[in-house]
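Undergrad: Sharing a structure here in structure tokens format.
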Amino acid sequence: MADDLETLKQDTLAALEAAQDRTAWDAVRVGTLGKSGALTGLLKQLGRLAPDERKARGQALNRLRDELGAAIEARGQALEAEALAARLASEKIDVTMPAPEEVLGGIHPISRTVEEMTAIFGAMGFTVAEGPDVESQWHNFSALNTPDHHPARTEHDTFYLPAEDGAEEPRVLRTQTSGVQIRTMLGNKPPIRIIAPGRTYRADHDATHSPMFHQCEGLVVDRNITLGHLKGCLIEFLRVYFDKPNLPVRFRASYFPFTEPSMEVDIGWSKATGEIGGGSDWLEVLGAGMVHPRVLANCGLDPAEWQGFAFGMGIERLAMLKNGIPDLRSFYESDLRWLRHYGFSAFAPANLTEGV
Amino acid sequence: MKFSLSWLREHLDFTASVEDVCKRLNEIGLEVEGVDNPAQRLRGFRTAKILEATRHPDADRLQVCRVAAGEGFEEVQVVCGAPNARTGLNVIFAPPGTYVPGLDITIKKGKIRGQASGGMLCSLRELGIGEETDGIAELPETAPLGQAYAAYADLDDPVIEIAITPNRGDALGIRGIARDLAAAGLGTLRAWTVEPITASDDAPLSWKIDHAGCTQVAGRVIRGVKNGPSPEWLRKRLEAVGVKPISALVDVTNYLAYDIGRPLHVFDLAKLSGDTLSVTHAARETFTGLDDGEYVLGTEDMVIADDAGVQSLAGLIGGKASGVDENTVDVFVESALFDAVRIALTGRRLAIHTDARQRFERGVDQALVRPGLDAATNLIVQLCGGTPGAVVEAGAEPNWGREATLRFERLAALGGVEIAPDAAVQSLVGLGFEIVSRDDARVTFRVPSWRNDIAMPCENLAFRDGLDDAKKTALTESVQRIEPECDLLEEVLRLYGLDNVQPQALPQVSMVPAPAVNGLQARKALLRRVCAARGLMETVGFSFVAYDDAVLFGDAPEALRLLNPIATDLDQLRATPLINLGRALGRNVARGLAVSGDGALFELGPVFDAAGQQTVLAGIRGGLSARAPGQKAQEPSVWDVKADLVAVLAALGVPDASLSVTADAPSYYHPGRSGQVRQGPKLVLGRFGELHPAIVKALGLSGSVVAFEVLLDQIPQPKVKRKAAPVLSALQPVRRDFAFLAGPDVEAQAVLRAARNAERKLIQDVRLFDVFEGGSLPEGYRSLGVEVILQPQTESLIDTQIEAVSQSVEAAVEKATGATLRR
């Protein structure tokens with residue numbers, strides 16, 4: 001290589017080495033390969049050379065151009081990488097800082113429990129029926145074979161409201177959602193298969209009683225419904241609800257004015273540990289029975305033709321048992337800590353596909 | 001109802017264990033509420049003798065006793081503080097490790113004032129079975145050494161407590177319980193007979209019935225009795241079931257109330273005047289009962305009166321004036337049949353809870369007035385001596401022999417179980433039902449006198465309104481036929497054991513069931529999830545609130561005030577869940593909570609007004625947001641709850657374009673920072689805003705508290721229709737910004753609506769992107785920055801088209817609101 005080319009090469013490489021930023025690097029690039037660059041100038045002078053010289057000089061210049069081009073490109077990339085590395089270093093943050101908090105809402109255990117009950121009974125062909133919280137005494141008591149003087153009326157500790165204009169009898173806050181059963185029988189011809197979850201009220205306030213609580217009642221009326229169906233339906237419900245396929249369920253004869261025979265239903269549990277299905281103790285969870293002929297007749301259904309069963313359970317009670325909630329009153333206190341602890345996610349509604 | 005196993009044995013011959021008895025009772029509907037065996041409570045206590053008692057060397061009031069208590073405790077030193085501890089006394093000794101129920105302590109070995117003490121000498125009160133006495137229990141000299149005290153004192157006798165359902169008056173007598181158990185196959189019922197009585201014809205009093213609530217009343221005089229404490233066997237029996245022994249005459253009546261369920265009353269003859277006792281209506285008068293209670297009577301109440309006045313409140317409680325005492329010589333014993341309803345109503349009104357009321361109001365044995373009187377007579381003569389006189393009576397035993405028929409096929413058709421007819425019949429016979437007739441298909445029984453719950457007449461069905469007479473008659477006839485049969489089925493099934501009925505799956509209506517909830521119900525569940533997903537926590541509040549709170553939030557009409565509230569802060573049906581939510585937020589803030597953006601609650605529940613009941617979804621936001629790097633804690637703003645409300649309406653499918661906001665929310669909102677969302681001019685769908693500062697203060701809160709309500713029942717369900725396919729233009733939308741100068745009364749809503757409606761085809765959306773006031777703008781004027789988005793469908797827009805739309809927007813806004821474009 002001619003001396004001048006060697007000098008140009010060394011000068012350029014040195015200049016590249018000295019370039020510490022994009023601007024300096026660009027100056028070298030333009031000064032070498034740009035329109036008026038040193039190498040470009042030498043290339044332009046080629047035409048003036050004698051043909052024999054021109055060939056060798058041309059080859060040398062081309063080689064030098066490739067060499068310097070590659071060196072410039074490499075230096076450019078190196079500078080870019082350095083710049084990026086410097087930027088990244090400067091952008092470092094403390095990633096251990098907490099993410100911004102998102103406030104989580106939740107679904108109340110009572111709503112959740114109603115949804116679970118609805119899902120299970122829904123799978124057995126029940127639909128949900130509703131009725132008013134303020135009832136006539138006829139809907140709440142009389143139609144249910146509970147006349148004025150009946151001891152069951154006093155046991156219920158009823159809340160009364162002033163009579164409606166023109167009426168004499170005080171209205172009541174429903175002590176049970178059975179009024180919904182009555183409305184259903186009045187408004188629909190059997191077959192009937194409903195559950196009626198809702199608010200109920202009794203004048204009782206202590207550690208284990210709340211003046212307002214929730215019940216879910218159920219009613220099945222058809223021509224051939226037997227006590228066997230009552231048992232099958234309720235055992236299935238309890239086992240699915242508690243997710244215990246072998247949950248012991250016991251039926252004890254009892255008395256309600258609106259069913260005959262009547263019974264209370266117990267599940268197996270352990271008094272010591274609270275474990276459902278374990279231990280050798282029994283825990284009452286619901287009441288049930290075959291619909292009393294008088295109740296059917298009061299609603300205009302002939303008891304010689306129609307029969308069925310009804311049941312009622314406390315929603316809070318079942319929610320407490322399943323979720324290990326110790327105190328009834330806490331359901332209505334709206335303490336944020338309690339709600340966060342026992343609340344359910346908005347994104348996991350109760351359904352049988354995912355399991356209740 | 002309590003009874004001891006030994007008392008049960010008087011009526012039932014059985015070998016079953018107490019556990020088996022309880023199990024069977026539970027199965028047949030006599031629910032066991034508890035079992036108490038005194039012997040278990042008294043484990044450890046044993047009989048002992050004080051060999052020698054000497055004064056404690058260092059304490060005047062203590063004695064050091066050498067005690068012999070049998071095997072293992074041949075000689076124990078015990079320090080005792082009882083004044084009656086003395087040499088040679090037979091006592092009750094509690095060795096170390098014994099739990100002492102009356103003191104709730106467990107005995108430990110120790111030293112008392114330097115003297116070793118290896119146990120305790122006890123009083124009956126310390127054992128939990130006696131009254132306070134001065135010193136330790138003194139056992140007779142004949143008491144053995146080292147025997148378990150419970151066994152020595154004959155206390156190894158479990159007491160079972162059962163719940164009696166309202167239909168089972170017969171089980172309020174131990175004989176009734178024994179009969180049920182025998183019919184259920186546990187033991188054999190013993191015969192119950194009354195010894196014949198040799199009576200004089202002495203009859204100083206006669207009966208008169210002047211009240212419809214009494215069908216039969218009988219009585220007799222017994223002269224020359226000596227009243228005093230009952231013998232030990234009787235006192236023990238009564239004490240075991242929780243009845244306090246009073247005197248032999250009173251104890252006899254209590255004994256028979258428990259033994260055979262027959263209430264009785266004994267008058268002191270010397271304290272009665274005249275020769276007639278009347279069962280009659282009370283006057284408006286005051287009566288003093290045996291319990292010293294003063295009862296104000298009304299004319300509907302049934303009393304037993306002599307010439308001097310009321311001597312007993314029939315079937316409820318005797319009178320203090322004519323009660324027996326230790327000086328009583330001649331008595332008059334009363335046994336009667338009183339109407340259950342009458343007794344229940346008076347008893348409930350006067351809040352009298354006696355064993356007599358409990359039995360009468362559930363119905364007593366209709367045939368036991370005379371046998372009960374005789375049984376009482378025998379016991380009184382046996383315990384107190386005396387000469388019985390003649391029975392005097394008014395009214396008569398009612399005709400209780402109702403019939404009930406069971407068709408055997410109904411055992412399977414209703415009970416769902418195959419029970420052999422013979423077995424069914426045998427169960428009922430065991431309960432005292434007498435067969436009237438029987439064939440292959442059916443059996444007819446005569447109902448026993450003690451079962452007031454079976455085949456009762458059906459006269460007053462509570463029919464629905466508007467049912468015609470023919471239908472009523474037909475239905476009544478059906479009930480008259482079916483109900484007695486259900487009564488019998490219930491008896492057979494409970495004795496058979498409900499657990500023995502095979503469960504059956506409900507017949508399937510369709511392979512995949514229809515939805516369990518309808519559309520209106522489903523959207524409530526949806527809204528709960530929408531709210532929860534927005535960071536609101538669901539609460540459940542009482543439907544009733546404090547009257548004062550209701551007033552604070554508007555109106556508290558009398559029609560919605562409870563007549564018998566349980567507490568003064570729970571007496572008014574609420575008009576909005578915001579009352580509960582406000583209080584709940586207040587409680588949380590008071591606990592130092594709700595300072596990380598979580599002061600956000602909602603409830604979906606009923607509200608009440610004169611028109612009835614509605615379902616409302618309400619939410620509240622208060623407290624502060626969490627502080628974070630670069631962010632101060634902030635109070636919630638109106639826009640947070642307006643966003644909640646918009647999200648809820650969107651979830652319900654309410655088209656946003658159909659809504660408008662008016663600034664006329666109820667008075668519990670801040671008048672200048674609240675609004676109602678309307679669809680059309682009349683229909684209010686919801687409200688939102690800051691709560692009124694006065695309300696915020698009254699709730700014990702401060703700062704900005706914001707809330708929203710959605711009146712769910714007002715929101716129409718969207719019609720389900722198939723959606724048209726969307727138009728997805730390939731062309732980019734064009735965005736144009738406008739700044740309108742809006743006068744003081746111009747609402748942003750009106751500007752946006754005018755802009756949106758300025759042109760139908762191209763304008764796809766209109767957004768408010770900026771609001772500016774102050775600066776060079778006139779006082780009260782705002783500059784509203786509005787972005788209009790134009791969506792070309794088939795070809796790109798050219799400048800003249802865009803310009804034309806811009807001019808329409810400008811003109812439409814100016815025409816509708818007077819706001820002009822800022823140049």
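A note on labels: chains of the structure tokens are A, B, ... as shown, every chain counts residues from 1, and ligands are counted from 1 in their shown order.
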Can I get the residues of chain A within 6 Å of chain B, each with the closest pair of atoms and their distance in Å to one decimal, using only C-alpha atoms, sorted chain first then ascending number, as a Markdown table?
TA:
```
| residue | atom | partner | partner_atom | distance |
| --- | --- | --- | --- | --- |
| A:Val103 | CA | B:Gly535 | CA | 5.1 |
| A:Leu104 | CA | B:Gly535 | CA | 4.6 |
| A:Gly105 | CA | B:Gly535 | CA | 3.8 |
| A:Gly106 | CA | B:Ala532 | CA | 4.7 |
| A:Ile107 | CA | B:Glu538 | CA | 5.3 |
| A:His108 | CA | B:Glu538 | CA | 5.3 |
| A:Gly122 | CA | B:Ala516 | CA | 4.7 |
| A:Gly125 | CA | B:Pro513 | CA | 5.3 |
| A:Thr127 | CA | B:Ala516 | CA | 4.1 |
| A:Val128 | CA | B:Val517 | CA | 5.5 |
| A:Ser142 | CA | B:Ala462 | CA | 5.9 |
| A:Ala143 | CA | B:Ala462 | CA | 5.5 |
| A:His149 | CA | B:Val341 | CA | 5.9 |
| A:Tyr160 | CA | B:Leu563 | CA | 5.4 |
| A:Leu161 | CA | B:Leu562 | CA | 4.9 |
| A:Pro162 | CA | B:Ala559 | CA | 5.6 |
| A:Ala203 | CA | B:Ile566 | CA | 5.8 |
| A:Thr226 | CA | B:Leu414 | CA | 4.6 |
| A:Leu227 | CA | B:Gly415 | CA | 4.9 |
| A:Gly228 | CA | B:Pro503 | CA | 4.5 |
| A:His229 | CA | B:Gln504 | CA | 4.8 |
| A:Lys231 | CA | B:Pro503 | CA | 4.9 |
| A:Gly232 | CA | B:Pro503 | CA | 4.2 |
| A:Phe251 | CA | B:Asp499 | CA | 5.6 |
| A:Arg252 | CA | B:Glu27 | CA | 4.9 |
| A:Ala253 | CA | B:Gly29 | CA | 4.1 |
| A:Ser254 | CA | B:Gly29 | CA | 4.8 |
| A:Tyr255 | CA | B:Thr165 | CA | 5.9 |
| A:Pro261 | CA | B:Glu490 | CA | 4.7 |
| A:Pro293 | CA | B:Val479 | CA | 5.9 |
| A:Ala297 | CA | B:Leu475 | CA | 5.7 |
| A:Asn298 | CA | B:Phe463 | CA | 4.3 |
| A:Cys299 | CA | B:Arg464 | CA | 5.9 |
| A:Asp302 | CA | B:Leu475 | CA | 5.8 |
| A:Ala304 | CA | B:Ser478 | CA | 5.9 |
| A:Tyr332 | CA | B:Val540 | CA | 5.5 |
| A:Ser334 | CA | B:Thr539 | CA | 5.6 |
| A:Ala346 | CA | B:Arg529 | CA | 4.6 |
```
Undergrad: Take the residues that were just selected and, keeping C-alpha atoms, output them as a PDB file, in the first residue's frame.
TA:
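As a result, again33.pdb now contains:
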```pdb
ATOM      1  CA  VAL A 103     -58.630  -1.548  46.245  1.00  0.00           C
ATOM      2  CA  LEU A 104     -60.383  -4.882  46.234  1.00  0.00           C
ATOM      3  CA  GLY A 105     -64.123  -5.045  46.629  1.00  0.00           C
ATOM      4  CA  GLY A 106     -65.948  -8.195  47.597  1.00  0.00           C
ATOM      5  CA  ILE A 107     -69.201 -10.069  47.730  1.00  0.00           C
ATOM      6  CA  HIS A 108     -70.829 -10.505  51.170  1.00  0.00           C
ATOM      7  CA  GLY A 122     -81.231 -24.825  40.373  1.00  0.00           C
ATOM      8  CA  GLY A 125     -84.955 -27.888  38.748  1.00  0.00           C
ATOM      9  CA  THR A 127     -86.297 -21.575  40.419  1.00  0.00           C
ATOM     10  CA  VAL A 128     -86.000 -18.587  42.736  1.00  0.00           C
ATOM     11  CA  SER A 142    -102.939 -17.745  58.859  1.00  0.00           C
ATOM     12  CA  ALA A 143    -102.444 -19.291  55.436  1.00  0.00           C
ATOM     13  CA  HIS A 149    -103.553 -18.151  69.429  1.00  0.00           C
ATOM     14  CA  TYR A 160     -95.617  -5.401  63.759  1.00  0.00           C
ATOM     15  CA  LEU A 161     -96.252  -2.362  61.565  1.00  0.00           C
ATOM     16  CA  PRO A 162     -99.336  -0.127  61.584  1.00  0.00           C
ATOM     17  CA  ALA A 203     -87.777  -9.488  67.733  1.00  0.00           C
ATOM     18  CA  THR A 226     -93.075 -38.325  48.804  1.00  0.00           C
ATOM     19  CA  LEU A 227     -91.031 -38.089  51.963  1.00  0.00           C
ATOM     20  CA  GLY A 228     -88.395 -40.074  50.061  1.00  0.00           C
ATOM     21  CA  HIS A 229     -88.032 -37.168  47.614  1.00  0.00           C
ATOM     22  CA  LYS A 231     -84.913 -36.722  51.923  1.00  0.00           C
ATOM     23  CA  GLY A 232     -83.197 -37.257  48.585  1.00  0.00           C
ATOM     24  CA  PHE A 251     -83.863 -36.752  60.075  1.00  0.00           C
ATOM     25  CA  ARG A 252     -85.665 -36.280  63.399  1.00  0.00           C
ATOM     26  CA  ALA A 253     -89.428 -36.041  63.766  1.00  0.00           C
ATOM     27  CA  SER A 254     -90.542 -32.599  64.873  1.00  0.00           C
ATOM     28  CA  TYR A 255     -93.463 -30.229  64.513  1.00  0.00           C
ATOM     29  CA  PRO A 261     -95.031 -35.033  59.033  1.00  0.00           C
ATOM     30  CA  PRO A 293    -103.196 -30.327  53.734  1.00  0.00           C
ATOM     31  CA  ALA A 297    -106.365 -25.877  50.776  1.00  0.00           C
ATOM     32  CA  ASN A 298    -105.835 -22.336  52.051  1.00  0.00           C
ATOM     33  CA  CYS A 299    -104.135 -21.603  48.750  1.00  0.00           C
ATOM     34  CA  ASP A 302    -106.958 -29.681  46.647  1.00  0.00           C
ATOM     35  CA  ALA A 304    -106.553 -34.895  47.645  1.00  0.00           C
ATOM     36  CA  TYR A 332     -74.319  -6.904  59.742  1.00  0.00           C
ATOM     37  CA  SER A 334     -69.886  -3.975  57.969  1.00  0.00           C
ATOM     38  CA  ALA A 346     -66.266 -10.636  42.179  1.00  0.00           C
TER      39      ALA A 346
END
```
Undergrad: Env of region 4-16 of chain B: 7 Å cut, atoms = only C-alpha atoms, seq-sep filter 3 positions within chain, self excluded. Answer as a list in words.
TA: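 My list of contacting residues is Asp20, Val21, Asp157, Pro158, Val159, Ile160, Ile174, Arg175, Ala178, Leu186, Gly187, Thr188, Leu189, Arg190, Ala240 and Val241 of chain B.
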Undergrad: If you run DSSP on this backbone, which residues of region 586-672 of chain B come out as alpha helix (DSSP H), and could you give them as a VMD selection string?
TA: chain B and resid 586 to 590 638 to 651
Undergrad: Write out as a list of chain:residue names each polymer residue whose atoms come within 6 Å of region 280-292 of chain A, counting only C-alpha atoms; drop sequence neighbours fewer than 5 positions from it.
TA: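 Counting only the stated atoms, we get A:Phe258, A:Thr259, A:Glu260, A:Pro261, A:Ser262, A:Met263, A:Glu264, A:Val265, A:Asp266, A:Ile267, A:Gly268, A:Trp269, A:Ser270, A:Gly308, A:Phe309, A:Ala310, A:Phe311, A:Gly312, A:Met313.
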Undergrad: Using CA of Ala404 (chain B) and CA of Asn140 (chain A) as the two end points, give the distance in Å to one decimal.
TA: 29.4 Å
Undergrad: When you count only C-alpha atoms, which of these residues is closest to Ala758 (chain B): B:Leu103, B:Val805, B:Val734, B:Ile260?
TA: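 Ranking B:Leu103, B:Val805, B:Val734, B:Ile260 by distance to Ala758 (chain B), first place goes to B:Val805.
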Undergrad: Compile the contact shell of Ile246 (chain B) as a PyMOL selection string: residues with an atom at most 12 Å away, counting only C-alpha atoms, same-chain residues fewer than 6 positions apart removed.
TA: chain B and resi 227-231+234-235+238-239+252-255+290+323-326
Undergrad: Which residue, A:Ser90, A:Gln20, A:Thr146, A:Gln215, has the smallest gap to Arg317 (chain A) when you use only C-alpha atoms?
TA: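 Distance minimum relative to Arg317 (chain A) lands on A:Gln215.
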Undergrad: When you draw a straight line from CA of Glu236 (chain A) to CA of Phe256 (chain A), how long is it in Å?
TA: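 If I compute the distance from CA of Glu236 (chain A) to CA of Phe256 (chain A), I get 22.7 Å.
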Undergrad: Would you pick out the contacts of Glu787 (chain B) at 7 Å or less, using only C-alpha atoms, so that residues sharing its chain but fewer than 4 positions from it are not included, and give the list as number ranges by chain?
TA: B: 735-738, 766-769
Undergrad: With C-alpha atoms retained, export the selected residues as a PDB file, in the first residue's frame.
TA:
```
ATOM      1  CA  ARG B 735     -60.407  14.122  15.259  1.00  0.00           C
ATOM      2  CA  ARG B 736     -61.194  17.825  15.540  1.00  0.00           C
ATOM      3  CA  ASP B 737     -60.890  19.883  18.703  1.00  0.00           C
ATOM      4  CA  PHE B 738     -63.227  22.778  19.527  1.00  0.00           C
ATOM      5  CA  VAL B 766     -67.910  13.551  21.226  1.00  0.00           C
ATOM      6  CA  ARG B 767     -65.701  13.959  24.279  1.00  0.00           C
ATOM      7  CA  LEU B 768     -65.011  16.709  26.745  1.00  0.00           C
ATOM      8  CA  PHE B 769     -61.227  16.943  27.040  1.00  0.00           C
TER       9      PHE B 769
END
```
Undergrad: Measuring atom to atom with only C-alpha atoms, identify which of A:Leu88, A:Gly218, A:Val295, A:Thr200 is nearest to Leu186 (chain A).
TA: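 Answer, going by the shortest atom-to-atom distance: A:Val295.
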